[in-house]
Structure formats: structure tokens, C-alpha cells
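Undergrad: Before I ask anything, let me first share the structure, which is written out below as C-alpha cells.
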Amino acid sequence: MIKSLMKLAPLAAVLTAPIILYSPQSAIAAGGGGGGGGAGGGDPYGSHYDAPAASSSQQRDRKTTKAKKPSKQSAFEDPAFRDAYRTAYATIYQRNDYAAAIDQLHALGHDDHPNVANLIGYSYRKLGDYKQSQVWYERALKADPNHVLTWNYYGLWQIEQGNRDQAQYHLSRIAAICGTGCDEYRTLAAALEKPPGTTLVY
């Protein structure tokens with residue numbers, strides 16, 4: 001009987017010990033909670049479609065706390081880079097001076113940054129240089145395979161080249177990254193619905 005009681009003593013101690021519960025506030029303080037995000041969001045330059053936003057892989061990089069090498073995405077943390085990028089962005093979308101924008105984007109010194117490479121590709125496409133445009137779109141996707149705006153612009157490139165099946169593939173990639181409700185999906189889907197040979201304004 002005494003031996004049986006001695007075996008139960010540790011179990012009784014565990015069962016009668018105070019139980020510690022985590023409050024929702026402590027979970028949030030520890031880094032839990034939150035949400036939102038996806039492939040778009042967090043871009044300082046305007047709407048999700050007008051300016052390339054951080055991809056899901058970029059957002060994961062931001063949430064990582066352990067030290068790691070600076071990524072290509074950290075260039076936007078440099079005010080000089082940000083201002084020069086905004087200038088090139090305005091040169092493209094406000095002044096439609098694509099040749100000048102290409103020079104401005106190269107001057108940033110970050111040709112392998114997906115946002116930069118994508119805009120160089122876009123500028124070449126608008127100038128009608130489809131070979132160079134393709135090189136830069138491929139470069140942007142090599143830097144970030146989830147760069148949704150590149151999939152969109154490259155999909156428009158495919159339509160203009162008569163590659164509608166490839167454009168459909170690009171559309172499916174966009175759906176996998178940001179769903180069918182994002183601007184990149186909607187604009188490419190709308191372009192695919194137009195009759196072949198229609199001039200695209202994007």
C-alpha cells in the first residue's frame with residue numbers, strides 16, 4: 001500500500017501544479033497573430049497593380065528574425081534607391097519616356113532586383129524590342145519566381161507575340177500566387193478575352 005502511494009506521489013504533484021495559460025496578448029507579443037499579406041500589399045508607391053509589390057517570398061524574408069545576407073529586396077530600404085526608383089517609375093507611367101527610364105533603371109545599379117528588371121522589360125516591350133523585353137522579364141522571374149507583376153507583363157508580352165497558350169499559363173501562375181481577384185489576374189484575363197491582334201494598352 002505504501003509503495004503504491006509512493007508511485008502516485010509524482011503524478012499527484014503534476015496534477016496539482018498550477019496550469020499556465022497563454023493569453024492572446026502574449027501570443028501576439030511573441031510574434032503570433034496578425035495575418036493578411038499574400039503576394040501583394042505593402043508597396044509604398046501606390047496601388048498594387050501600378051507599382052510592383054512584395055511577393056510572398058519577400059514578405060517571408062521580412063518576418064525572418066535571424067541574421068542573413070542582405071537580400072535584393074532590401075534596396076528599397078535605401079532612401080536614395082527608393083527616390084531614384086520613383087523617378088524612373090514616373091518616367092515610365094507618367095511621361096511614357098521608356099528609353100530614358102531604361103537608363104534611369106540601369107543607373108540604380110540593381111539590375112537583378114525583380115522590380116527593376118521587370119520595369120526594364122516593360123520599357124523594352126513598350127519600345128517594341130520584344131527580344132530585350134523577354135530577356136529582362138526572364139531575369140526578373142529568375143530573381144523572384146513569384147513576382148506577380150512580371151507574370152502579368154510577360155503574359156501581355158505573350159499575347160502580343162501571339163502565344164495565347166503561354167499567356168494562359170502565365171494567368172494560371174498569377175492565380176496560384178495572388179488568386180483570381182487581384183488586378184494582375186483580372187487585367188491579363190481581360191486581355192486574353194480580346195480578339196487576337198487587338199492593340200493592348202497595358
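Please note that chains go A, B, ... in the order of the C-alpha cells, that every chain numbers its residues from 1, and that ligands are numbered from 1 in the order shown.
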Excluding A:Ala90 and any residue of its chain fewer than 3 positions from it, enumerate the residues within 12 Å of it, using only C-alpha atoms, and give them as a ChimeraX atom specification.

TA: /A:45-46,50-51,83-87,93-98,100-101,104-105,119

Undergrad: Hey, what's within 12 Å of A:Lys194 if we count only C-alpha atoms and toss same-chain stuff fewer than 5 positions away? As a PDB file with N, CA, C and O atoms, in the first residue's frame, please?

TA:
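File around-v7.pdb, as written:
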ATOM      1  N   LEU A 156       1.211  39.599 -71.032  1.00  0.00           N
ATOM      2  CA  LEU A 156       0.798  40.542 -72.072  1.00  0.00           C
ATOM      3  C   LEU A 156       1.769  40.469 -73.256  1.00  0.00           C
ATOM      4  O   LEU A 156       1.353  40.541 -74.413  1.00  0.00           O
ATOM      5  N   ILE A 159       0.790  37.541 -75.308  1.00  0.00           N
ATOM      6  CA  ILE A 159      -0.384  37.818 -76.148  1.00  0.00           C
ATOM      7  C   ILE A 159       0.035  38.607 -77.384  1.00  0.00           C
ATOM      8  O   ILE A 159      -0.370  38.300 -78.509  1.00  0.00           O
ATOM      9  N   GLU A 160       0.865  39.640 -77.178  1.00  0.00           N
ATOM     10  CA  GLU A 160       1.308  40.471 -78.300  1.00  0.00           C
ATOM     11  C   GLU A 160       2.132  39.667 -79.300  1.00  0.00           C
ATOM     12  O   GLU A 160       2.165  40.003 -80.488  1.00  0.00           O
ATOM     13  N   ARG A 164      -0.920  32.718 -77.142  1.00  0.00           N
ATOM     14  CA  ARG A 164      -2.043  32.767 -76.201  1.00  0.00           C
ATOM     15  C   ARG A 164      -2.002  31.614 -75.190  1.00  0.00           C
ATOM     16  O   ARG A 164      -2.415  31.774 -74.045  1.00  0.00           O
ATOM     17  N   THR A 187      -6.475  41.893 -65.229  1.00  0.00           N
ATOM     18  CA  THR A 187      -6.055  42.589 -66.453  1.00  0.00           C
ATOM     19  C   THR A 187      -5.556  41.605 -67.503  1.00  0.00           C
ATOM     20  O   THR A 187      -5.835  41.782 -68.694  1.00  0.00           O
ATOM     21  N   LEU A 188      -4.840  40.567 -67.091  1.00  0.00           N
ATOM     22  CA  LEU A 188      -4.369  39.587 -68.068  1.00  0.00           C
ATOM     23  C   LEU A 188      -5.545  38.765 -68.612  1.00  0.00           C
ATOM     24  O   LEU A 188      -5.614  38.481 -69.809  1.00  0.00           O
ATOM     25  N   ALA A 189      -6.484  38.415 -67.746  1.00  0.00           N
ATOM     26  CA  ALA A 189      -7.668  37.669 -68.196  1.00  0.00           C
ATOM     27  C   ALA A 189      -8.471  38.507 -69.197  1.00  0.00           C
ATOM     28  O   ALA A 189      -8.940  37.991 -70.217  1.00  0.00           O
ATOM     29  N   THR A 199      -4.861  45.771 -80.146  1.00  0.00           N
ATOM     30  CA  THR A 199      -3.774  46.510 -79.513  1.00  0.00           C
ATOM     31  C   THR A 199      -4.048  46.601 -78.015  1.00  0.00           C
ATOM     32  O   THR A 199      -5.143  46.988 -77.596  1.00  0.00           O
ATOM     33  N   LEU A 200      -3.049  46.219 -77.219  1.00  0.00           N
ATOM     34  CA  LEU A 200      -3.192  46.266 -75.763  1.00  0.00           C
ATOM     35  C   LEU A 200      -2.654  47.593 -75.251  1.00  0.00           C
ATOM     36  O   LEU A 200      -1.630  48.080 -75.715  1.00  0.00           O
ATOM     37  N   VAL A 201      -3.342  48.155 -74.287  1.00  0.00           N
ATOM     38  CA  VAL A 201      -2.915  49.445 -73.743  1.00  0.00           C
ATOM     39  C   VAL A 201      -2.079  49.293 -72.475  1.00  0.00           C
ATOM     40  O   VAL A 201      -1.585  50.261 -71.944  1.00  0.00           O
TER      41      VAL A 201
END

Undergrad: Write out as a list in words which residues come within 7 Å of stretch 126-142 of chain A when counting only C-alpha atoms, dropping same-chain ones fewer than 3 positions away.

TA: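 So the residues in contact are Tyr98, Asp112, His113, Pro114, Ala117, Asn118, Ile120, Gly121, Tyr122, Ser123, Pro145, His147, Thr150 and Tyr154 of chain A.
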
Undergrad: Would you mind telling me which residue in A:Tyr89, A:Ile177, A:Asp183, A:Asp103 lies nearest to A:Asp144 when using only C-alpha atoms?

TA: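 Closest to A:Asp144, using only C-alpha atoms: A:Ile177.
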